[in-house]
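This is protein_19.cif. It holds mmCIF, C-alpha atoms.
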```cif
data_input
loop_
_atom_site.label_atom_id
_atom_site.label_comp_id
_atom_site.auth_asym_id
_atom_site.auth_seq_id
_atom_site.Cartn_x
_atom_site.Cartn_y
_atom_site.Cartn_z
CA MET A 3 105.17 93.92 207.56
CA LYS A 4 102.51 96.58 207.77
CA LYS A 5 105.07 99.17 206.91
CA LEU A 6 105.93 97.29 203.74
CA PHE A 7 102.36 97.53 202.41
CA THR A 8 101.81 101.15 203.45
CA GLN A 9 105.07 102.50 202.06
CA ASN A 10 104.65 104.45 198.73
CA LEU A 11 100.93 103.78 198.73
CA GLY A 12 100.22 106.81 196.55
CA TYR A 13 102.45 105.63 193.76
CA ARG A 14 100.86 102.24 193.79
CA LEU A 15 97.37 103.68 193.50
CA ILE A 16 98.43 105.79 190.53
CA ALA A 17 99.98 102.77 188.78
CA LEU A 18 96.78 100.77 189.31
CA VAL A 19 94.65 103.49 187.78
CA LEU A 20 96.91 103.77 184.76
CA ALA A 21 96.80 100.02 184.24
CA VAL A 22 93.00 100.02 184.32
CA LEU A 23 92.86 102.90 181.84
CA LEU A 24 95.33 101.20 179.47
CA PHE A 25 93.31 97.97 179.57
CA ALA A 26 90.13 99.86 178.81
CA TYR A 27 91.74 101.65 175.84
CA VAL A 28 93.09 98.47 174.29
CA LYS A 29 89.78 96.66 174.68
CA THR A 30 87.83 99.51 173.14
CA ASP A 31 90.24 99.80 170.15
CA HIS A 32 90.00 96.06 169.48
CA LEU A 33 86.21 96.15 169.53
CA THR A 34 86.19 99.13 167.15
CA ALA A 35 88.58 97.43 164.73
CA THR A 36 86.51 94.27 164.78
CA ARG A 37 83.34 96.16 164.04
CA THR A 38 85.01 98.15 161.22
CA SER A 39 86.48 95.01 159.67
CA GLY A 40 83.17 93.27 159.81
CA GLY A 41 81.49 96.24 158.15
CA ASP A 42 84.04 96.39 155.32
CA SER A 43 83.73 92.66 154.75
CA ASN A 44 79.99 92.94 154.51
CA GLN A 45 80.34 95.83 152.07
CA ASN A 46 82.80 93.87 149.90
CA ASN A 47 80.56 90.84 149.87
CA SER A 48 77.65 93.03 148.92
CA ALA A 49 79.66 94.61 146.08
CA LEU A 50 80.72 91.23 144.72
CA MET A 51 77.17 89.94 144.70
CA SER A 52 75.73 93.03 142.99
CA THR A 53 74.66 92.97 139.31
CA LYS A 54 76.92 94.41 136.65
CA THR A 55 76.56 95.00 132.88
CA THR A 56 79.42 95.69 130.50
CA THR A 57 80.08 95.60 126.73
CA ILE A 58 83.27 94.26 125.18
CA THR A 59 84.50 93.57 121.62
CA MET A 60 85.21 89.96 120.68
CA PRO A 61 86.71 88.34 117.54
CA VAL A 62 84.60 85.92 115.49
CA ASP A 63 85.78 82.37 114.79
CA LEU A 64 84.55 80.22 111.89
CA ASP A 65 83.56 76.62 112.40
CA VAL A 66 83.96 75.50 108.78
CA ASN A 67 86.13 73.30 106.57
CA THR A 68 88.66 76.00 105.62
CA SER A 69 90.61 73.63 103.36
CA LYS A 70 87.56 73.34 101.11
CA TYR A 71 85.58 76.57 101.49
CA VAL A 72 86.15 80.32 101.80
CA VAL A 73 83.70 82.45 103.81
CA SER A 74 83.12 86.17 103.27
CA GLY A 75 80.59 88.79 104.36
CA TYR A 76 80.79 88.32 108.15
CA ARG A 77 82.21 90.75 110.70
CA GLU A 78 85.58 89.83 112.08
CA ASN A 79 84.69 91.51 115.42
CA VAL A 80 81.34 91.91 117.18
CA LYS A 81 80.18 93.62 120.40
CA VAL A 82 79.04 91.40 123.29
CA THR A 83 77.09 92.81 126.25
CA LEU A 84 77.48 90.73 129.44
CA SER A 85 75.14 90.89 132.45
CA GLY A 86 75.51 89.07 135.78
CA THR A 87 77.16 89.27 139.15
CA SER A 88 79.93 91.81 139.38
CA ALA A 89 82.55 89.16 140.17
CA LEU A 90 81.74 86.98 137.14
CA VAL A 91 81.41 89.88 134.72
CA THR A 92 84.69 91.39 135.89
CA THR A 93 86.45 88.04 135.52
CA LEU A 94 85.09 87.51 132.00
CA THR A 95 86.03 91.05 131.00
CA ASN A 96 89.62 90.54 132.13
CA THR A 97 90.16 86.97 130.90
CA ARG A 98 87.79 86.82 127.91
CA ASN A 99 87.83 83.05 128.17
CA PHE A 100 84.77 82.54 125.96
CA LYS A 101 84.27 82.43 122.18
CA VAL A 102 81.97 83.97 119.57
CA TYR A 103 81.65 81.87 116.41
CA LEU A 104 79.64 80.94 113.31
CA ASP A 105 78.65 77.28 113.01
CA LEU A 106 78.98 76.49 109.28
CA GLN A 107 79.84 72.80 109.35
CA ASP A 108 76.59 71.78 107.60
CA TYR A 109 76.70 74.50 104.94
CA LYS A 110 77.82 74.17 101.31
CA ALA A 111 78.71 76.80 98.69
CA GLY A 112 76.07 79.54 98.54
CA LYS A 113 74.71 82.61 100.34
CA TYR A 114 73.15 82.39 103.83
CA THR A 115 72.03 84.39 106.85
CA VAL A 116 73.30 82.78 110.05
CA LYS A 117 73.30 83.63 113.75
CA TYR A 118 76.37 84.40 115.83
CA LYS A 119 76.81 81.97 118.72
CA VAL A 120 78.66 82.05 122.06
CA THR A 121 80.35 79.26 123.99
CA GLY A 122 82.16 79.31 127.33
CA LEU A 123 79.68 81.40 129.33
CA GLY A 124 77.97 80.02 132.45
CA LYS A 125 74.23 79.94 133.12
CA ASP A 126 74.55 82.88 135.49
CA ILE A 127 75.68 85.20 132.71
CA LYS A 128 73.32 86.75 130.21
CA TYR A 129 74.65 88.07 126.91
CA LYS A 130 73.63 89.92 123.78
CA ILE A 131 75.58 90.07 120.49
CA ASP A 132 75.54 93.09 118.19
CA PRO A 133 74.85 92.34 115.38
CA GLU A 134 72.98 89.11 115.99
CA LEU A 135 72.99 87.86 112.36
CA ALA A 136 75.60 87.62 109.61
CA LYS A 137 74.95 87.60 105.86
CA ILE A 138 77.66 85.36 104.48
CA SER A 139 78.82 83.89 101.20
CA ILE A 140 80.48 80.47 101.06
CA ALA A 141 82.57 79.65 97.98
CA ARG A 142 84.89 76.84 97.00
CA ARG A 143 88.50 77.51 97.87
CA ARG A 144 91.14 77.91 95.12
CA THR A 145 94.88 78.58 95.15
CA LYS A 146 97.01 79.96 92.31
CA ASN A 147 100.57 81.26 91.95
CA PHE A 148 101.34 84.67 90.43
CA GLU A 149 104.57 86.38 89.42
CA ILE A 150 105.34 89.49 91.45
CA ARG A 151 105.58 92.81 89.61
CA TYR A 152 107.38 95.77 91.14
CA ARG A 153 106.32 99.39 90.91
CA TYR A 154 108.60 102.31 91.79
CA ASP A 155 109.39 105.86 90.65
CA THR A 156 112.71 106.03 88.77
CA ASN A 157 112.62 109.83 88.85
CA MET A 158 113.19 109.87 92.61
CA ILE A 159 116.92 109.09 92.35
CA LYS A 160 119.48 111.87 92.07
CA GLU A 161 120.43 113.20 88.63
CA GLY A 162 123.48 111.42 87.27
CA TYR A 163 122.48 108.06 88.77
CA THR A 164 120.64 105.09 87.31
CA MET A 165 118.65 102.16 88.77
CA GLY A 166 119.37 98.51 88.02
CA ASN A 167 117.14 95.42 88.06
CA VAL A 168 115.10 94.60 91.16
CA LYS A 169 116.36 91.81 93.43
CA SER A 170 113.74 90.19 95.66
CA SER A 171 113.55 87.50 98.35
CA THR A 172 110.94 85.72 96.20
CA THR A 173 109.58 86.08 92.68
CA GLU A 174 106.22 84.32 93.10
CA VAL A 175 103.28 84.65 95.49
CA GLN A 176 100.48 82.23 96.31
CA ALA A 177 96.95 83.66 96.22
CA THR A 178 94.13 81.83 98.03
CA GLY A 179 90.45 82.71 97.86
CA SER A 180 87.20 81.93 96.14
CA ALA A 181 87.43 80.71 92.55
CA THR A 182 85.64 83.88 91.41
CA ASP A 183 88.10 86.20 93.15
CA ILE A 184 91.13 84.26 91.90
CA GLU A 185 89.86 84.64 88.33
CA ARG A 186 89.58 88.41 88.85
CA ILE A 187 93.28 88.81 89.67
CA SER A 188 95.20 90.50 86.85
CA GLN A 189 98.51 90.95 88.66
CA VAL A 190 100.16 90.94 92.07
CA VAL A 191 102.26 94.07 92.67
CA ALA A 192 104.79 95.26 95.22
CA ASP A 193 105.03 99.04 95.60
CA VAL A 194 108.60 100.03 96.51
CA ASN A 195 109.15 103.38 98.18
CA VAL A 196 112.19 105.12 96.63
CA PRO A 197 113.69 107.93 98.80
CA SER A 198 114.11 111.34 97.20
CA ASN A 199 117.54 111.98 95.61
CA ALA A 200 118.70 108.44 96.31
CA THR A 201 122.37 107.74 95.54
CA GLU A 202 122.78 104.33 97.20
CA ASP A 203 121.21 100.90 96.81
CA ILE A 204 117.59 100.82 97.99
CA SER A 205 116.51 98.13 100.45
CA ALA A 206 112.89 97.98 101.56
CA ARG A 207 110.07 95.65 102.58
CA ALA A 208 107.16 95.94 100.17
CA VAL A 209 103.58 94.84 100.90
CA LEU A 210 101.96 92.73 98.17
CA GLN A 211 98.55 93.50 96.66
CA ALA A 212 96.38 91.51 94.27
CA LEU A 213 94.77 93.79 91.65
CA ASP A 214 92.16 93.31 88.94
CA VAL A 215 92.34 94.78 85.42
CA ASN A 216 91.01 98.12 86.72
CA GLY A 217 93.58 98.37 89.49
CA ASN A 218 91.11 97.52 92.29
CA ILE A 219 92.28 95.36 95.20
CA VAL A 220 90.98 91.77 95.15
CA ASN A 221 90.14 90.32 98.58
CA VAL A 222 92.32 87.18 98.70
CA VAL A 223 94.96 85.79 101.05
CA LEU A 224 98.54 86.21 99.75
CA THR A 225 101.44 84.06 100.91
CA PRO A 226 103.81 85.74 101.63
CA GLN A 227 102.10 89.05 102.37
CA SER A 228 105.29 91.09 101.85
CA VAL A 229 108.78 90.70 100.32
CA ASN A 230 112.25 92.14 100.89
CA VAL A 231 113.38 94.16 97.85
CA THR A 232 116.77 95.55 96.82
CA ILE A 233 117.32 97.92 93.87
CA PRO A 234 120.93 98.76 92.92
CA VAL A 235 121.71 102.45 92.26
CA THR A 236 124.88 103.33 90.34
CA LYS A 237 126.48 106.53 89.07
CA VAL A 238 126.46 107.03 85.29
CA ALA A 239 129.66 107.78 83.29
CA SER A 240 130.87 111.41 83.01
CA LYS A 241 129.53 113.38 80.00
CA ALA A 242 133.03 114.80 79.22
CA LYS A 243 134.52 111.31 78.87
CA SER A 244 131.60 110.23 76.74
CA SER A 245 131.97 113.29 74.48
CA ALA A 246 135.73 112.71 74.05
CA SER A 247 135.12 109.09 73.16
CA THR A 248 132.50 110.08 70.59
CA SER A 249 134.83 112.72 69.04
CA SER A 250 137.70 110.23 68.74
CA SER A 251 135.43 107.71 67.09
CA SER A 252 134.16 110.30 64.59
CA SER A 253 137.73 111.37 63.70
CA SER A 254 138.75 107.78 63.06
CA LYS A 255 135.77 107.23 60.81
CA SER A 256 136.55 110.48 58.88
CA SER A 257 140.17 109.45 58.21
CA SER A 258 139.06 106.07 57.01
CA GLY A 259 136.57 107.71 54.66
CA GLU A 260 139.23 109.98 53.13
CA SER A 261 141.57 107.06 52.50
CA SER A 262 138.87 105.12 50.75
CA SER A 263 137.92 108.16 48.70
CA GLY A 264 141.56 108.67 47.57
CA ALA A 265 141.87 105.05 46.58
CA SER A 266 138.69 105.26 44.59
CA SER A 267 139.86 108.46 42.88
CA SER A 268 143.18 106.86 41.94
CA GLY A 269 141.40 103.84 40.59
CA ALA A 270 139.07 106.02 38.57
CA SER A 271 142.04 108.00 37.14
CA SER A 272 143.84 104.81 36.16
CA ALA A 273 140.73 103.49 34.50
CA THR A 274 140.38 106.76 32.57
CA ASP A 275 143.97 106.65 31.39
CA GLU A 276 143.61 103.04 30.23
CA SER A 277 140.39 103.92 28.44
CA ALA A 278 142.04 106.87 26.72
CA GLN A 279 145.06 104.74 25.71
CA SER A 280 142.73 102.08 24.35
CA ASP A 281 140.78 104.65 22.38
CA SER A 282 144.04 106.11 21.01
CA ASN A 283 145.30 102.73 19.91
CA ALA A 284 141.99 101.90 18.34
CA SER A 285 142.03 105.23 16.46
CA THR A 286 145.59 104.66 15.21
CA ASN A 287 144.82 101.15 14.05
CA SER A 288 141.66 102.33 12.36
CA SER A 289 143.57 105.11 10.58
CA ALA A 290 146.32 102.76 9.40
CA GLN A 291 143.81 100.25 8.12
CA THR A 292 141.99 102.98 6.24
CA THR A 293 145.22 104.15 4.59
CA SER A 294 146.11 100.61 3.60
CA ASP A 295 142.67 100.00 2.15
CA SER A 296 142.86 103.22 0.29
CA ALA A 297 146.25 102.34 -1.20
CA THR A 298 145.03 98.93 -2.27
CA SER A 299 141.97 100.43 -3.83
CA ASP A 300 144.10 102.91 -5.78
CA SER A 301 146.46 100.24 -6.97
CA THR A 302 143.62 98.08 -8.12
CA SER A 303 141.95 100.95 -9.75
CA THR A 304 145.21 101.80 -11.52
CA SER A 305 145.67 98.30 -12.70
CA ASP A 306 142.17 98.27 -14.08
CA ALA A 307 142.79 101.50 -15.95
CA SER A 308 145.95 100.24 -17.83
CA GLY A 309 143.87 97.53 -19.44
CA ASN A 310 145.57 94.70 -17.55
CA THR A 311 143.25 91.75 -17.70
CA ASP A 312 144.70 90.22 -14.56
CA THR A 313 142.81 91.46 -11.47
CA GLN A 314 144.59 91.48 -8.04
CA VAL A 315 142.47 90.73 -5.24
CA ASN A 316 143.82 91.57 -1.75
#
```
For the file at hand, write its structure as structure tokens.
Amino acid sequence: MKKLFTQNLGYRLIALVLAVLLFAYVKTDHLTATRTSGGDSNQNNSALMSTKTTTITMPVDLDVNTSKYVVSGYRENVKVTLSGTSALVTTLTNTRNFKVYLDLQDYKAGKYTVKYKVTGLGKDIKYKIDPELAKISIARRRTKNFEIRYRYDTNMIKEGYTMGNVKSSTTEVQATGSATDIERISQVVADVNVPSNATEDISARAVLQALDVNGNIVNVVLTPQSVNVTIPVTKVASKAKSSASTSSSSSSKSSSGESSSGASSSGASSATDESAQSDSNASTNSSAQTTSDSATSDSTSTSDASGNTDTQVN
């Protein structure tokens, strides 16, 4: 029994020492990790609770009866500076789950200076809006339909081609705005971009613009804002064929003119001959009558000279 415990005693002592050292290493590493984790957690908590300030851009909403009034003069976007705990400010910056607006429910048509407001921010957040005030104009809303006019450069197509009439997805546009702005509108145009040396039909989407008599853009809402446009491009007839057709037509007209001229000349000649024959007959008759009269006169005269009391009257 004693021999069993004393056999390989050196190896056993070495194994015991190694076990103690391994236990000590593991324990020390665990304590170090725990301390490091606790330190990082404290640092993170401290960072989250620190104060942070940031500036973001926010759109402006209108709290107004849009079916009755039109508002102009305000900024569509404003800058908002947020201050508070880092966690809240970071969350608001990422989500932007608050709103900047103008409260105009109690306002009628006219000009006012109003303050931008914010909703959706907690009490722990401080904010500042730049600018703070808006100078606005409220006008009664009006809607009117206008015929669309198209503008494009016909010289852009290739020589020997021609452009047909414009075909569009719609011919009318609805303009909505203040009554004053609607009255300023002279026309609504669609500018169509024609490619250089175009030889095929042109298809494009043209943006609509409302213009006054001086060509300035009027600030109104157009429905639709753009239209699909198609302009047919066709090749013109060949000049050689056109020239041959013109020559043939001229020749036909010339022949017809000569025939008419000959007929007129023949008619004139016939009329001259008839006139001459008539004059000849008239001259012959006149001469015969003169001779007869002369003979009668001589006979009468002779009878008168012989002392015959009987007088012959012809």
Quiz prompt | Within 12 Å of Val72 of chain A using all atoms listed in the file, minus same-chain residues under 3 positions, as number ranges by chain | solution = A: 64-69, 75-76, 106, 109-113, 138-145, 178-184, 221-223
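Our summary of the geometry notes that atom CA of Ala206 of chain A is positioned 28.2 Å from atom CA of Arg186 of chain A.
Taking atom CA of Val82 of chain A and atom CA of Val116 of chain A as the two end points, the separation is 16.8 Å.
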Exercise. Report as JSON, numbers by chain the residues that result from applying the PyMOL selection byres ((chain A and resi 192) around 9) to the structure here.
Key: {"A": [150, 151, 152, 153, 154, 190, 191, 193, 194, 208, 209, 210, 211, 228, 229]}
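Interatomic distance, atom CA of Met158 of chain A against atom CA of Pro226 of chain A: 27.4 Å.
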What's the 8 Å shell around Gly86 of chain A, counting only C-alpha atoms, without same-chain residues fewer than 5 positions away, as an mmCIF file with C-alpha atoms, in the coordinates of the input?
```
data_model
loop_
_atom_site.group_PDB
_atom_site.id
_atom_site.type_symbol
_atom_site.label_atom_id
_atom_site.label_comp_id
_atom_site.auth_asym_id
_atom_site.auth_seq_id
_atom_site.Cartn_x
_atom_site.Cartn_y
_atom_site.Cartn_z
ATOM 1 C CA THR A 53 74.660 92.970 139.310
ATOM 2 C CA LYS A 54 76.920 94.410 136.650
ATOM 3 C CA THR A 55 76.560 95.000 132.880
ATOM 4 C CA VAL A 91 81.410 89.880 134.720
ATOM 5 C CA ASP A 126 74.550 82.880 135.490
ATOM 6 C CA ILE A 127 75.680 85.200 132.710
ATOM 7 C CA LYS A 128 73.320 86.750 130.210
#
```
Quiz item: Written as a ChimeraX atom specification, which residues does the PyMOL selection byres ((chain A and resi 204) around 12) give for the file shown?
Solution: /A:154,156,158-159,164-170,194-203,205-208,230-236
Practice problem: Name every residue that the PyMOL selection byres ((chain A and resi 115) around 6) selects in this structure, writing the answer as a PyMOL selection string with chains first and numbers rising. | Solution: chain A and resi 114+116+136-137
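Of the listed residues A:Leu20, A:Leu224, A:Val62, A:Val73, the one whose atoms come nearest to Gln176 of chain A is A:Leu224, with distances taken using only C-alpha atoms.
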